[in-house]
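Below is the file query28.txt, which contains compact mmCIF, C-alpha atoms.
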# COMPACT_ATOMS: atom_id res chain seq x y z
CA MET V 1 118.75 74.87 105.95
CA LYS V 2 119.00 74.94 102.17
CA LYS V 3 122.22 76.41 100.75
CA THR V 4 122.16 78.01 97.33
CA ASP V 5 124.20 80.57 95.38
CA ALA V 6 121.12 82.76 94.91
CA LEU V 7 117.51 82.82 96.06
CA ILE V 8 114.94 84.34 93.72
CA ILE V 9 111.75 85.71 95.25
CA GLY V 10 109.10 85.61 92.52
CA ALA V 11 108.38 83.02 89.80
CA GLY V 12 107.07 85.41 87.15
CA PRO V 13 108.74 85.89 83.74
CA THR V 14 111.55 88.07 85.15
CA GLY V 15 112.29 85.60 87.95
CA LEU V 16 112.31 82.66 85.52
CA PHE V 17 114.72 84.32 83.09
CA THR V 18 116.95 85.41 85.97
CA ALA V 19 117.09 81.75 87.07
CA HIS V 20 118.17 80.83 83.54
CA GLN V 21 120.94 83.43 83.58
CA LEU V 22 122.23 82.29 86.98
CA ASN V 23 122.42 78.64 85.94
CA LEU V 24 123.94 79.55 82.60
CA ILE V 25 126.97 81.08 84.34
CA GLY V 26 127.26 78.13 86.70
CA LEU V 27 125.42 79.36 89.79
CA SER V 28 122.71 77.43 91.61
CA CYS V 29 119.41 79.02 92.60
CA GLU V 30 116.06 78.24 94.15
CA VAL V 31 112.80 80.13 93.62
CA VAL V 32 110.09 81.08 96.12
CA ASP V 33 106.65 82.40 95.18
CA ASN V 34 103.54 83.09 97.24
CA LEU V 35 101.24 81.97 94.40
CA ASP V 36 100.31 78.33 93.90
CA LYS V 37 101.67 78.22 90.37
CA ILE V 38 104.62 79.38 88.28
CA GLY V 39 104.16 82.42 86.04
CA GLY V 40 103.35 85.35 88.32
CA GLN V 41 100.93 87.97 87.05
CA CYS V 42 101.09 86.52 83.52
CA ILE V 43 99.36 83.38 84.74
CA GLU V 44 97.24 84.93 87.49
CA LEU V 45 95.84 87.89 85.52
CA TYR V 46 96.04 87.26 81.80
CA PRO V 47 96.88 83.64 80.88
CA ASP V 48 94.85 83.90 77.65
CA LYS V 49 95.55 87.53 76.81
CA PRO V 50 97.98 88.22 73.93
CA ILE V 51 101.30 89.96 74.64
CA TYR V 52 102.87 91.76 71.68
CA ASP V 53 106.14 93.25 72.98
CA ILE V 54 108.37 90.25 73.76
CA PRO V 55 111.47 90.48 71.49
CA ALA V 56 111.36 88.10 68.50
CA VAL V 57 107.94 86.77 69.60
CA PRO V 58 105.26 88.57 67.55
CA GLU V 59 102.43 87.35 69.79
CA CYS V 60 102.01 85.02 72.74
CA THR V 61 99.71 84.64 75.73
CA GLY V 62 100.83 84.87 79.34
CA GLU V 63 100.57 81.10 79.60
CA GLU V 64 102.60 80.53 76.43
CA LEU V 65 105.31 82.90 77.61
CA THR V 66 105.52 81.08 80.95
CA ASN V 67 105.71 77.68 79.24
CA ASN V 68 108.45 78.90 76.89
CA LEU V 69 110.50 80.20 79.81
CA LEU V 70 110.05 76.89 81.64
CA ASN V 71 111.19 75.00 78.53
CA GLN V 72 114.27 77.23 78.48
CA LEU V 73 114.98 76.13 82.07
CA LYS V 74 114.74 72.39 81.33
CA PRO V 75 118.54 71.82 81.20
CA PHE V 76 118.79 72.98 84.82
CA ASP V 77 117.56 71.43 88.06
CA ILE V 78 115.77 74.38 89.67
CA LYS V 79 113.70 73.87 92.80
CA PHE V 80 110.51 75.91 93.14
CA HIS V 81 108.88 76.58 96.51
CA LEU V 82 105.30 77.63 95.75
CA ASN V 83 102.57 78.78 98.14
CA GLN V 84 105.30 80.24 100.32
CA ARG V 85 105.94 83.83 101.24
CA VAL V 86 109.32 85.09 102.45
CA GLU V 87 108.78 86.43 105.97
CA GLU V 88 112.28 87.12 107.24
CA VAL V 89 115.62 88.13 105.74
CA LYS V 90 118.57 88.67 108.07
CA ARG V 91 122.33 89.03 107.64
CA ASP V 92 124.65 86.21 108.72
CA ASN V 93 128.25 87.32 108.07
CA GLU V 94 128.64 87.19 104.26
CA ASN V 95 125.32 85.41 103.75
CA TRP V 96 121.61 86.02 104.18
CA ILE V 97 119.32 83.72 106.14
CA VAL V 98 115.89 83.72 104.49
CA LYS V 99 112.81 82.14 106.10
CA THR V 100 109.36 81.55 104.59
CA ASN V 101 105.97 81.31 106.28
CA SER V 102 106.12 77.53 105.74
CA GLY V 103 109.29 77.18 107.77
CA THR V 104 111.68 76.69 104.82
CA THR V 105 115.06 78.30 105.53
CA PHE V 106 117.73 79.26 103.00
CA LEU V 107 121.36 80.32 103.42
CA THR V 108 122.59 82.35 100.46
CA PRO V 109 124.96 85.21 99.62
CA ASN V 110 122.50 86.59 97.07
CA VAL V 111 118.79 87.40 97.23
CA ILE V 112 117.05 88.60 94.06
CA ILE V 113 113.62 90.14 94.53
CA ALA V 114 111.65 89.58 91.33
CA GLY V 115 108.27 89.87 92.99
CA GLY V 116 106.54 92.06 90.44
CA VAL V 117 104.77 94.69 92.50
CA GLY V 118 104.89 92.66 95.69
CA SER V 119 102.22 90.31 96.99
CA PHE V 120 98.87 91.05 95.43
CA GLU V 121 95.31 90.08 96.16
CA PRO V 122 92.08 90.96 94.37
CA ARG V 123 89.64 93.61 95.54
CA LYS V 124 86.59 91.61 96.58
CA PHE V 125 82.81 91.89 96.45
CA SER V 126 81.33 93.89 99.34
CA PRO V 127 78.63 91.44 100.55
CA LYS V 128 80.08 89.31 103.34
CA GLU V 129 78.18 86.20 102.24
CA CYS V 130 80.26 86.09 99.02
CA GLU V 131 83.07 84.46 100.99
CA LYS V 132 81.31 81.10 101.25
CA PHE V 133 81.14 80.84 97.45
CA GLU V 134 84.76 81.88 96.77
CA ASN V 135 86.79 79.43 94.65
CA LYS V 136 83.62 77.35 94.10
CA SER V 137 81.28 79.45 92.00
CA LEU V 138 82.61 82.96 92.69
CA PHE V 139 86.06 83.89 91.43
CA TYR V 140 88.38 86.87 91.02
CA SER V 141 90.45 85.33 88.23
CA VAL V 142 89.92 82.64 85.62
CA LYS V 143 91.96 79.46 85.99
CA ASP V 144 89.98 77.20 83.65
CA LYS V 145 87.48 78.80 81.30
CA LYS V 146 86.00 75.42 80.37
CA ILE V 147 84.00 75.27 83.61
CA PHE V 148 81.84 78.17 82.35
CA GLU V 149 80.82 76.49 79.08
CA GLY V 150 77.04 76.32 78.73
CA LYS V 151 76.56 78.16 82.02
CA THR V 152 75.30 81.61 83.00
CA VAL V 153 78.10 83.89 84.18
CA ALA V 154 77.79 87.29 85.88
CA ILE V 155 80.90 89.40 85.26
CA PHE V 156 81.51 92.54 87.32
CA GLY V 157 83.93 95.32 86.41
CA GLY V 158 84.72 97.92 83.78
CA GLY V 159 88.39 97.37 82.99
CA ASP V 160 90.30 95.22 80.53
CA SER V 161 89.97 91.96 82.48
CA ALA V 162 86.17 92.21 82.82
CA LEU V 163 85.70 93.17 79.17
CA ASP V 164 88.16 90.60 77.81
CA TRP V 165 86.46 87.78 79.70
CA ALA V 166 82.97 88.99 78.84
CA VAL V 167 83.90 88.88 75.15
CA GLU V 168 85.69 85.53 75.44
CA LEU V 169 83.10 83.71 77.56
CA SER V 170 80.18 84.98 75.44
CA LYS V 171 81.29 82.49 72.78
CA LYS V 172 80.08 79.51 74.84
CA SER V 173 78.26 80.96 77.86
CA LYS V 174 75.40 83.26 78.69
CA VAL V 175 77.11 86.43 79.97
CA ASN V 176 75.68 89.22 82.13
CA LEU V 177 78.13 92.12 82.36
CA ILE V 178 77.54 94.43 85.32
CA HIS V 179 79.37 97.74 85.89
CA ARG V 180 78.74 100.56 88.35
CA ARG V 181 79.22 103.25 85.68
CA ASP V 182 78.29 103.84 82.04
CA GLU V 183 81.93 104.46 81.10
CA PHE V 184 84.45 101.64 80.74
CA ARG V 185 88.19 101.80 81.41
CA GLY V 186 89.17 99.04 79.00
CA ALA V 187 90.81 99.31 75.59
CA GLU V 188 88.61 101.17 73.12
CA ALA V 189 88.61 98.30 70.64
CA THR V 190 87.42 95.86 73.33
CA VAL V 191 84.73 98.25 74.53
CA SER V 192 83.44 98.52 70.94
CA LYS V 193 83.49 94.75 70.56
CA MET V 194 81.55 94.32 73.80
CA HIS V 195 78.87 96.82 72.70
CA ALA V 196 78.56 94.99 69.37
CA LEU V 197 77.96 91.71 71.22
CA VAL V 198 75.34 93.46 73.37
CA LYS V 199 73.49 94.50 70.20
CA GLU V 200 73.70 90.92 68.92
CA GLY V 201 72.17 89.69 72.18
CA LYS V 202 75.26 87.70 73.16
CA ILE V 203 76.00 89.83 76.23
CA ASN V 204 73.43 91.35 78.61
CA LEU V 205 74.74 94.69 79.89
CA PHE V 206 73.74 96.30 83.19
CA THR V 207 75.35 99.67 83.96
CA LYS V 208 75.10 101.76 87.12
CA TYR V 209 74.49 98.53 89.05
CA GLN V 210 76.41 96.89 91.89
CA MET V 211 76.01 93.58 93.70
CA THR V 212 74.05 93.76 96.95
CA SER V 213 73.64 90.08 97.83
CA VAL V 214 74.17 86.51 96.67
CA LYS V 215 71.93 83.49 97.12
CA GLY V 216 72.51 79.78 96.91
CA ASN V 217 72.87 76.58 98.90
CA GLY V 218 76.52 75.58 98.54
CA GLN V 219 76.45 76.56 94.85
CA LEU V 220 75.67 80.08 93.66
CA GLU V 221 72.12 80.31 92.31
CA SER V 222 71.32 84.01 91.94
CA ILE V 223 72.57 87.51 92.71
CA ASP V 224 70.83 90.78 93.54
CA ILE V 225 72.11 93.95 91.87
CA LYS V 226 71.01 97.50 92.69
CA ASN V 227 71.31 100.71 90.67
CA ASP V 228 71.68 104.34 91.71
CA GLU V 229 67.91 104.68 92.04
CA ASP V 230 67.71 101.73 94.45
CA GLU V 231 66.07 99.52 91.85
CA ILE V 232 66.93 95.88 92.60
CA LYS V 233 67.15 93.12 90.02
CA ASN V 234 67.51 89.43 90.79
CA ILE V 235 69.62 87.57 88.21
CA LYS V 236 69.87 83.79 88.01
CA THR V 237 73.51 82.79 87.60
CA ASP V 238 75.79 79.78 87.92
CA TYR V 239 79.00 81.73 88.41
CA ALA V 240 80.12 85.24 89.35
CA LEU V 241 83.44 86.83 88.36
CA GLY V 242 84.73 90.03 89.95
CA PHE V 243 87.41 92.12 88.26
CA PHE V 244 87.91 95.19 90.44
CA GLY V 245 91.68 95.39 90.24
CA LEU V 246 94.30 94.31 92.73
CA ILE V 247 95.44 95.54 96.09
CA MET V 248 99.24 95.68 95.91
CA GLN V 249 101.08 94.94 99.14
CA LEU V 250 104.81 94.83 99.73
CA GLY V 251 104.20 92.68 102.78
CA PRO V 252 107.31 91.74 104.81
CA ILE V 253 109.61 93.31 102.17
CA ALA V 254 108.81 96.65 103.82
CA ASN V 255 110.68 95.49 106.94
CA TRP V 256 113.94 94.40 105.32
CA GLY V 257 115.73 97.75 105.56
CA LEU V 258 115.58 98.39 101.82
CA ASN V 259 115.53 101.80 100.16
CA LEU V 260 111.81 102.00 99.34
CA ASN V 261 110.19 104.67 97.19
CA LYS V 262 106.39 104.50 96.74
CA LYS V 263 106.27 100.70 97.04
CA THR V 264 109.22 100.24 94.69
CA ILE V 265 112.85 99.52 95.56
CA GLU V 266 115.61 101.88 94.45
CA VAL V 267 118.51 100.10 92.72
CA ASP V 268 121.68 100.96 90.84
CA THR V 269 121.78 100.31 87.09
CA GLU V 270 125.08 98.42 87.10
CA LYS V 271 124.12 95.44 89.24
CA PHE V 272 120.49 96.21 90.15
CA GLU V 273 121.62 95.97 93.74
CA THR V 274 119.64 97.64 96.52
CA ASN V 275 121.13 99.58 99.42
CA GLN V 276 121.76 96.18 101.07
CA LYS V 277 124.80 94.29 99.75
CA GLY V 278 123.77 91.03 98.13
CA ILE V 279 120.08 91.94 97.76
CA TYR V 280 118.95 92.83 94.25
CA ALA V 281 115.60 93.90 92.79
CA VAL V 282 114.52 93.30 89.20
CA GLY V 283 111.26 93.63 87.29
CA ASP V 284 108.33 95.89 88.17
CA ILE V 285 109.31 96.18 91.83
CA CYS V 286 112.60 98.00 91.14
CA ASN V 287 113.01 101.66 90.32
CA TYR V 288 115.74 103.80 88.73
CA PRO V 289 115.91 106.81 86.37
CA GLY V 290 114.31 105.92 83.04
CA LYS V 291 112.68 102.70 84.33
CA LEU V 292 110.24 101.05 81.91
CA LYS V 293 107.76 98.55 83.38
CA LEU V 294 108.10 96.05 80.55
CA ILE V 295 108.87 92.34 80.68
CA LEU V 296 111.82 92.88 78.34
CA SER V 297 113.29 95.38 80.82
CA GLY V 298 113.02 92.76 83.55
CA PHE V 299 114.98 90.30 81.39
CA HIS V 300 117.81 92.83 81.00
CA GLU V 301 117.81 93.62 84.72
CA GLY V 302 117.85 89.93 85.65
CA ALA V 303 120.81 89.22 83.36
CA LEU V 304 122.92 91.93 85.00
CA ALA V 305 121.87 90.99 88.54
CA ALA V 306 122.77 87.34 87.87
CA ARG V 307 126.29 88.27 86.84
CA ALA V 308 126.68 90.50 89.90
CA CYS V 309 125.80 87.46 92.04
CA PHE V 310 128.87 85.61 90.76
CA LYS V 311 131.28 87.78 92.75
CA LEU V 312 129.59 87.02 96.08
CA ALA V 313 128.89 83.34 95.31
CA ARG V 314 132.41 82.65 93.95
CA PRO V 315 134.67 85.21 95.68
CA ASN V 316 137.83 83.32 94.69
CA GLU V 317 136.93 82.99 91.01
CA LYS V 318 136.94 85.59 88.27
CA TYR V 319 133.81 85.85 86.15
CA ARG V 320 134.55 85.54 82.44
CA PHE V 321 131.93 86.73 79.97
CA GLU V 322 131.10 84.15 77.28
CA PHE V 323 128.66 83.80 74.38
CA THR V 324 126.34 80.80 74.07
CA THR V 325 127.22 80.61 70.36
CA THR V 326 130.92 79.88 71.01
CA SER V 327 131.46 78.80 74.64
CA THR V 328 131.93 75.07 75.23
CA ASN V 329 131.23 75.63 78.97
CA LEU V 330 127.87 77.25 78.32
CA LEU V 331 126.91 74.66 75.72
CA LYS V 332 127.66 71.88 78.21
CA ARG V 333 125.46 73.50 80.84
CA LEU V 334 122.69 73.76 78.27
CA GLY V 335 123.11 70.08 77.37
CA LYS V 336 124.11 70.92 73.81
CA LYS V 337 126.78 69.22 71.70
CA GLU V 338 129.70 71.39 70.63
For this file, write the structure as structure tokens.
Amino acid sequence: MKKTDALIIGAGPTGLFTAHQLNLIGLSCEVVDNLDKIGGQCIELYPDKPIYDIPAVPECTGEELTNNLLNQLKPFDIKFHLNQRVEEVKRDNENWIVKTNSGTTFLTPNVIIAGGVGSFEPRKFSPKECEKFENKSLFYSVKDKKIFEGKTVAIFGGGDSALDWAVELSKKSKVNLIHRRDEFRGAEATVSKMHALVKEGKINLFTKYQMTSVKGNGQLESIDIKNDEDEIKNIKTDYALGFFGLIMQLGPIANWGLNLNKKTIEVDTEKFETNQKGIYAVGDICNYPGKLKLILSGFHEGALAARACFKLARPNEKYRFEFTTTSTNLLKRLGKKE
């Protein structure tokens, strides 16, 4: 059983900054995430997409933001437990016993849920045979865009992700963009850019079409798409990308006795504590009057939750607020000279 002052569930930006704040005030923490990488939705959904509303950072991608937060954590020895989902949380006197689906067990007085909107998985293509090509030549997110260079890519969807990747991949790939409607849900500027690339012949656009079947021996070779009039087209392709949005699932969190409201967790605005003592919720998964679903809000929530953890982790000590600009204690923890 691993003992720690706080356990953070979720390794997205909010979880990473909360880990920084905990270690800064002298508390230990470990981080669990059900994804196979650090960064949460920033890495999973928009690693290359610019973000413009991080304070003092005019522009950065999801990947850059994640890397910057990890650099900020370098002075601290934080253990990450990836590809693990928290299955059980139960009270043990003044502590919580937390177990993951991999059998890892933690004993901690503080649990901070920073799991974004819970566990999420992509909506998938309807044809059953798509499964055998998943993570080989059929994907629901882009991990490495270099694999598509010089190849033919079929992109399905009408939202920001589909349009952004159609525009981006058209620079070095042959792109077929397929959508079941004429209208697109993406940003107007991106829709205009996509239509301009269609006119230039850099993107082939098929609207009112949906995938009906896939063909290939181990590797995807072609797809069949059908329109509203039952006209079927066969398109040769090396890869298929589906961007149909995500199915959000709270998963086991729903069974932890928390005060849930429409898949979010109600918290106070002093400590961001839930109705269970020692369990906090920060980031998109928490809810309170005036809540803004912004990364910067998650940073604020994590900072307050971290300081609330001190009382339970160090019941015999008094927390003293200090500034990093003047505190010798904080500078030492950061590995800085006075």
Looking at all atoms listed in the file, which of V:Ile113, V:Leu197, V:Ala19, V:Leu169 is the one that sits closest to Glu266 in chain V?
->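 Comparing V:Ile113, V:Leu197, V:Ala19, V:Leu169 against Glu266 in chain V, the winner is V:Ile113.
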Quick one: residues within 10 Å of Leu7 in chain V, all atoms listed in the file counted, chain neighbours fewer than 6 positions away excluded, as a ChimeraX atom specification?
-> /V:19,28-32,96,98,106-113,279
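Ranking V:Asp230, V:Asp33, V:Glu63, V:Asp160 by their shortest atom-to-atom distance to Asn101 in chain V, with only C-alpha atoms included, puts V:Asp33 first.
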Separation of CA of Gly39 in chain V from CA of Ala154 in chain V in Å |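 A separation of 26.8 Å between them.
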Grab the CA of Ala11 in chain V to CA of Ile97 in chain V distance for me, in Å with one decimal place.
->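 Between CA of Ala11 in chain V and CA of Ile97 in chain V the gap works out to 19.7 Å.
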CA of Glu44 in chain V to CA of Met194 in chain V, straight-line distance in Å = 22.8 Å
Would you mind telling me which residue in V:Val267, V:Ala306, V:Ile295, V:Ile225 lies nearest to Asp53 in chain V when using only C-alpha atoms?
->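 Under the stated criterion, the closest residue is V:Ile295.
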Box dimensions and centre (Å, one decimal) enclosing range 45-50 of chain V, axis-aligned, 5 Å extra per side, as JSON:
{"center_x": 96.4, "center_y": 85.9, "center_z": 79.7, "size_x": 13.1, "size_y": 14.6, "size_z": 21.6}
In terms of only C-alpha atoms, the residue from V:Leu65, V:Leu220, V:Ile253, V:Leu334 at minimal distance from Phe133 in chain V is V:Leu220
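Protein, DNA and RNA residues at most 10 Å from (104.3, 81.2, 77.0), with all atoms listed in the file, are these: Pro13, Gly39, Cys42, Ile43, Pro47, Asp48, Pro50, Ile51, Val57, Glu59, Cys60, Thr61, Gly62, Glu63, Glu64, Leu65, Thr66, Asn67, Asn68, Leu69, Leu70 and Asn71 of chain V.
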Closest of V:Val214, V:Lys208, V:Lys99, V:Glu88 to Ser126 in chain V - atom-to-atom distances counting all atoms listed in the file = V:Val214
Smallest atom-to-atom distance to Lys172 in chain V: which of V:Leu331, V:Val89, V:Ile203, V:Ile265, using only C-alpha atoms?
->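 Ranked by minimum distance to Lys172 in chain V, first place goes to V:Ile203.
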Contacts of Lys193 in chain V at 12 Å (all atoms listed in the file; same-chain gap of 2+ positions) as a PyMOL selection string | chain V and resi 163-168+170+186-191+195-200+202-203
For the selection just defined, write its residues with C-alpha atoms to a file, as a PDB file, in the frame of the given file.
ATOM      1  CA  LEU V 163      85.700  93.170  79.170  1.00  0.00           C
ATOM      2  CA  ASP V 164      88.160  90.600  77.810  1.00  0.00           C
ATOM      3  CA  TRP V 165      86.460  87.780  79.700  1.00  0.00           C
ATOM      4  CA  ALA V 166      82.970  88.990  78.840  1.00  0.00           C
ATOM      5  CA  VAL V 167      83.900  88.880  75.150  1.00  0.00           C
ATOM      6  CA  GLU V 168      85.690  85.530  75.440  1.00  0.00           C
ATOM      7  CA  SER V 170      80.180  84.980  75.440  1.00  0.00           C
ATOM      8  CA  GLY V 186      89.170  99.040  79.000  1.00  0.00           C
ATOM      9  CA  ALA V 187      90.810  99.310  75.590  1.00  0.00           C
ATOM     10  CA  GLU V 188      88.610 101.170  73.120  1.00  0.00           C
ATOM     11  CA  ALA V 189      88.610  98.300  70.640  1.00  0.00           C
ATOM     12  CA  THR V 190      87.420  95.860  73.330  1.00  0.00           C
ATOM     13  CA  VAL V 191      84.730  98.250  74.530  1.00  0.00           C
ATOM     14  CA  HIS V 195      78.870  96.820  72.700  1.00  0.00           C
ATOM     15  CA  ALA V 196      78.560  94.990  69.370  1.00  0.00           C
ATOM     16  CA  LEU V 197      77.960  91.710  71.220  1.00  0.00           C
ATOM     17  CA  VAL V 198      75.340  93.460  73.370  1.00  0.00           C
ATOM     18  CA  LYS V 199      73.490  94.500  70.200  1.00  0.00           C
ATOM     19  CA  GLU V 200      73.700  90.920  68.920  1.00  0.00           C
ATOM     20  CA  LYS V 202      75.260  87.700  73.160  1.00  0.00           C
ATOM     21  CA  ILE V 203      76.000  89.830  76.230  1.00  0.00           C
TER      22      ILE V 203
END
For Pro127 in chain V: contacts at 9 Å, only C-alpha atoms, fewer than 3 positions along chain excluded, given as a ChimeraX atom specification | /V:124,130-131,211-214
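Near Gly159 in chain V, within 8 Å and counting only C-alpha atoms, sit Phe184, Arg185, Gly186, Phe243 and Phe244 of chain V; same-chain residues fewer than 5 positions away were not included.
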Considering all atoms listed in the file, return as a short mmCIF file (atom, residue, chain, number, x, y, z; two decimals) with C-alpha atoms, keeping the file's coordinate frame whatever protein or nucleic-acid residues lie within 7 Å of Asn83 in chain V, sequence-local ones (same chain, fewer than 2 positions apart) excluded.
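The file below, result_20.cif, is the result:
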data_model
loop_
_atom_site.label_atom_id
_atom_site.label_comp_id
_atom_site.auth_asym_id
_atom_site.auth_seq_id
_atom_site.Cartn_x
_atom_site.Cartn_y
_atom_site.Cartn_z
CA ASP V 33 106.65 82.40 95.18
CA ASN V 34 103.54 83.09 97.24
CA LEU V 35 101.24 81.97 94.40
CA ASP V 36 100.31 78.33 93.90
CA HIS V 81 108.88 76.58 96.51
CA ARG V 85 105.94 83.83 101.24
#
Reconstructed range 8-27 of chain V, atom set N, CA, C and O atoms, as a JSON list (two decimals), in the frame of the given file:
[["chain", "number", "residue", "atom", "x", "y", "z"],
["V", 8, "ILE", "N", 115.80, 83.42, 94.46],
["V", 8, "ILE", "CA", 114.94, 84.34, 93.72],
["V", 8, "ILE", "C", 113.57, 84.36, 94.38],
["V", 8, "ILE", "O", 112.96, 83.31, 94.60],
["V", 9, "ILE", "N", 113.09, 85.55, 94.69],
["V", 9, "ILE", "CA", 111.75, 85.71, 95.25],
["V", 9, "ILE", "C", 110.84, 86.18, 94.13],
["V", 9, "ILE", "O", 110.91, 87.32, 93.68],
["V", 10, "GLY", "N", 110.00, 85.28, 93.63],
["V", 10, "GLY", "CA", 109.10, 85.61, 92.52],
["V", 10, "GLY", "C", 109.33, 84.70, 91.33],
["V", 10, "GLY", "O", 110.44, 84.64, 90.79],
["V", 11, "ALA", "N", 108.27, 83.99, 90.92],
["V", 11, "ALA", "CA", 108.38, 83.02, 89.80],
["V", 11, "ALA", "C", 107.66, 83.52, 88.56],
["V", 11, "ALA", "O", 107.14, 82.73, 87.77],
["V", 12, "GLY", "N", 107.62, 84.84, 88.38],
["V", 12, "GLY", "CA", 107.07, 85.41, 87.15],
["V", 12, "GLY", "C", 108.11, 85.36, 86.04],
["V", 12, "GLY", "O", 109.20, 84.81, 86.22],
["V", 13, "PRO", "N", 107.80, 85.93, 84.87],
["V", 13, "PRO", "CA", 108.74, 85.89, 83.74],
["V", 13, "PRO", "C", 110.14, 86.40, 84.09],
["V", 13, "PRO", "O", 111.14, 85.78, 83.71],
["V", 14, "THR", "N", 110.23, 87.53, 84.81],
["V", 14, "THR", "CA", 111.55, 88.07, 85.15],
["V", 14, "THR", "C", 112.31, 87.11, 86.06],
["V", 14, "THR", "O", 113.51, 86.88, 85.87],
["V", 15, "GLY", "N", 111.63, 86.55, 87.06],
["V", 15, "GLY", "CA", 112.29, 85.60, 87.95],
["V", 15, "GLY", "C", 112.76, 84.36, 87.22],
["V", 15, "GLY", "O", 113.85, 83.84, 87.47],
["V", 16, "LEU", "N", 111.95, 83.87, 86.28],
["V", 16, "LEU", "CA", 112.31, 82.66, 85.52],
["V", 16, "LEU", "C", 113.52, 82.91, 84.63],
["V", 16, "LEU", "O", 114.44, 82.07, 84.56],
["V", 17, "PHE", "N", 113.57, 84.05, 83.95],
["V", 17, "PHE", "CA", 114.72, 84.32, 83.09],
["V", 17, "PHE", "C", 115.97, 84.58, 83.92],
["V", 17, "PHE", "O", 117.07, 84.19, 83.52],
["V", 18, "THR", "N", 115.81, 85.20, 85.08],
["V", 18, "THR", "CA", 116.95, 85.41, 85.97],
["V", 18, "THR", "C", 117.52, 84.07, 86.43],
["V", 18, "THR", "O", 118.74, 83.89, 86.50],
["V", 19, "ALA", "N", 116.64, 83.10, 86.71],
["V", 19, "ALA", "CA", 117.09, 81.75, 87.07],
["V", 19, "ALA", "C", 117.89, 81.12, 85.94],
["V", 19, "ALA", "O", 118.92, 80.47, 86.17],
["V", 20, "HIS", "N", 117.45, 81.33, 84.72],
["V", 20, "HIS", "CA", 118.17, 80.83, 83.54],
["V", 20, "HIS", "C", 119.57, 81.44, 83.47],
["V", 20, "HIS", "O", 120.57, 80.74, 83.25],
["V", 21, "GLN", "N", 119.66, 82.75, 83.67],
["V", 21, "GLN", "CA", 120.94, 83.43, 83.58],
["V", 21, "GLN", "C", 121.90, 82.99, 84.68],
["V", 21, "GLN", "O", 123.09, 82.84, 84.45],
["V", 22, "LEU", "N", 121.39, 82.77, 85.88],
["V", 22, "LEU", "CA", 122.23, 82.29, 86.98],
["V", 22, "LEU", "C", 122.81, 80.91, 86.67],
["V", 22, "LEU", "O", 124.02, 80.67, 86.82],
["V", 23, "ASN", "N", 121.96, 80.00, 86.23],
["V", 23, "ASN", "CA", 122.42, 78.64, 85.94],
["V", 23, "ASN", "C", 123.34, 78.61, 84.73],
["V", 23, "ASN", "O", 124.26, 77.79, 84.67],
["V", 24, "LEU", "N", 123.09, 79.49, 83.80],
["V", 24, "LEU", "CA", 123.94, 79.55, 82.60],
["V", 24, "LEU", "C", 125.38, 79.87, 82.96],
["V", 24, "LEU", "O", 126.31, 79.35, 82.33],
["V", 25, "ILE", "N", 125.59, 80.72, 83.96],
["V", 25, "ILE", "CA", 126.97, 81.08, 84.34],
["V", 25, "ILE", "C", 127.49, 80.20, 85.48],
["V", 25, "ILE", "O", 128.52, 80.49, 86.08],
["V", 26, "GLY", "N", 126.76, 79.13, 85.77],
["V", 26, "GLY", "CA", 127.26, 78.13, 86.70],
["V", 26, "GLY", "C", 126.87, 78.31, 88.15],
["V", 26, "GLY", "O", 127.45, 77.68, 89.04],
["V", 27, "LEU", "N", 125.87, 79.15, 88.42],
["V", 27, "LEU", "CA", 125.42, 79.36, 89.79],
["V", 27, "LEU", "C", 124.11, 78.61, 90.03],
["V", 27, "LEU", "O", 123.27, 78.51, 89.15]]
